[in-house]
Amino acid sequence: MDGDNGLGDYLRARRDTTMPRDVGFPDDASRRVSGLRRDEVALLAGVSTDYYIRLEQGRERHPSKQVLQAIARALRLDEAATTHLFRLGLSAPWPSVRATTTVGPDLLRLMDSLRQLPAFVVGSAQDVLASNAMAQELYRGFTRYDNLLRMIFLDPFAQEFYGDWENAAAVAVNNLRASSAQFPDDERIERVVGELSVHSPAFATLWARYEIRPRTQEDKHFCHPRVGELRLHFEALAVTSAPGQHLSVYSAEPGSASSDGLILLRRLAEQSTAPEKGNVHS
């Protein structure tokens with residue numbers, strides 16, 4: 001997805017975003033790069049500068065586990081980012097897993113049973129594969145409720161809906177990066193990345209940072225056009241029977257204003273899904 005030198009692309013991106021002051025180097029105005037220099041990464045990792053340069057350039061394609069671990073420490077990579085570094089750097093093939101897009105009936109029943117909470121299922125490219133009435137009402141202000149990335153970056157309503165759009169955008173891109181690392185040959189992810197890279201400079205900038213951070217839980221701040229301010233907790237539950245799928249659920253602190261907001265949201269959802277008069281079948 002990033003050319004035939006994935007390891008080098010990844011190292012350069014992570015080196016550019018590692019601040020010198022965070023690893024003990026002076027951060028002065030004489031620097032020509034925003035992040036670390038190649039020789040600094042090599043020093044921190046305990047390898048020669050020439051060897052590290054060859055890694056970035058793709059001329060060295062067989063680093064040891066020890067070298068990769070040392071580089072991960074030098075670049076302060078977390079567990080998910082380190083796993084991806086190993087995936088790119090080790091010559092042994094990793095198991096190929098194909099993401100699925102069909103939502104099983106048992107999962108649909110579980111999602112629909114969460115009548116008091118917004119719940120939806122997303123795929124590897126953050127396509128909305130299924131959603132209950134509460135989730136549809138929560139996102140009703142968007143022109144299309146189809147792909148979370150497209151909604152955030154291409155729909156103007158997102159700037160009003162997300163209380164902290166910059167954070168929501170960064171979290172979404174980092175999550176897509178994590179998904180693309182898990183499913184490197186996923187054509188749907190490639191199409192989403194291609195579309196957003198062309199039409200959203202903000203997405204292209206965040207994507208180039210190459211930050212891999214799967215989104216499993218977080219607190220979200222929404223500004224719903226009919227309900228008002230909502231501060232909700234988000235949980236993404238991996239569906240082990242369907243690789244790439246996650247059941248996403250929002251909840252609120254009991255007794256909070258946002259909990260009352262969810263009650264109003266549920267009433268709106270019930271009104272939207274109620275059959276019109278004269279169309280009720282016995």
# chains A, B, ... in the order shown; residues from 1 in each chain; ligands from 1
>>> residues_around(residues="A:Asp78", least_positions_apart="4", cutoff="10 Å", atoms="only C-alpha atoms", output="list of chain:residue names")
A:Ala72, A:Arg73, A:Thr82, A:Thr83, A:Ile212, A:Arg213
>>> write_last_selection(atoms="C-alpha atoms", output="PDB file, in the first residue's frame")
ATOM      1  CA  ALA A  72      11.350  -0.094  18.370  1.00  0.00           C
ATOM      2  CA  ARG A  73      12.771   1.070  21.703  1.00  0.00           C
ATOM      3  CA  THR A  82       6.202  -2.741  17.330  1.00  0.00           C
ATOM      4  CA  THR A  83       4.128  -5.661  16.070  1.00  0.00           C
ATOM      5  CA  ILE A 212      -0.658   2.540  14.168  1.00  0.00           C
ATOM      6  CA  ARG A 213      -3.070   2.632  17.067  1.00  0.00           C
TER       7      ARG A 213
END
>>> residues_around(residues="stretch 184-187 of chain A", least_positions_apart="5", cutoff="10 Å", atoms="only C-alpha atoms", output="list of chain:residue names")
A:Met1, A:Ser96, A:Val97, A:Arg98, A:Ala99, A:Ser124, A:Ala125, A:Arg177, A:Ala178, A:Ser179, A:Val192, A:Val193
>>> select_by_dssp(residues="stretch 76-148 of chain A", states="helix (DSSP H, G or I)", output="ChimeraX atom specification")
/A:79-89,105-113,133-138,148
>>> residues_around(residues="A:Ala238", least_positions_apart="3", cutoff="10 Å", atoms="only C-alpha atoms", output="PDB file with C-alpha atoms, in the first residue's frame")
ATOM      1  CA  VAL A 121     -20.772  -3.048  13.182  1.00  0.00           C
ATOM      2  CA  VAL A 122     -17.833  -1.769  11.137  1.00  0.00           C
ATOM      3  CA  THR A 216     -10.641  -0.156  21.367  1.00  0.00           C
ATOM      4  CA  GLU A 235     -16.120   0.385  23.198  1.00  0.00           C
ATOM      5  CA  SER A 241     -15.727 -15.170  14.137  1.00  0.00           C
ATOM      6  CA  ALA A 242     -15.524 -12.414  11.489  1.00  0.00           C
ATOM      7  CA  PRO A 243     -11.961 -11.028  10.995  1.00  0.00           C
ATOM      8  CA  GLY A 244     -11.885  -7.268  10.596  1.00  0.00           C
ATOM      9  CA  GLN A 245     -15.312  -6.660  12.109  1.00  0.00           C
ATOM     10  CA  HIS A 246     -15.964  -4.810  15.363  1.00  0.00           C
ATOM     11  CA  LEU A 247     -19.160  -4.254  17.291  1.00  0.00           C
ATOM     12  CA  SER A 248     -19.044  -0.623  18.396  1.00  0.00           C
TER      13      SER A 248
END
>>> atom_distance(atom1="atom CA of A:Leu237", atom2="atom CA of A:Arg87")
23.5 Å
>>> residues_around(residues="A:Ala204", least_positions_apart="2", cutoff="12 Å", atoms="only C-alpha atoms", output="PyMOL selection string")
chain A and resi 153+169-170+173+192-202+206-210
>>> atom_distance(atom1="atom CA of A:Arg12", atom2="atom CA of A:Glu56")
6.8 Å
>>> residues_around(residues="A:Phe25", least_positions_apart="3", cutoff="9 Å", atoms="only C-alpha atoms", output="PyMOL selection string")
chain A and resi 19-22+36+40
>>> select_by_dssp(residues="stretch 47-147 of chain A", states="strand (DSSP E or B)", output="ChimeraX atom specification")
/A:119-122,127-131,147
>>> atom_distance(atom1="atom CA of A:Gln69", atom2="atom CA of A:Arg15")
14.8 Å
>>> residues_around(residues="stretch 161-168 of chain A", least_positions_apart="5", cutoff="12 Å", atoms="only C-alpha atoms", output="ChimeraX atom specification")
/A:138-142,148-149,151-153,155-156,173-175,202-203,206,215,218-232
>>> closest_residue(among="A:Gly6, A:Gly104, A:Pro118, A:Gly58", to="A:Val249", atoms="only C-alpha atoms")
A:Pro118
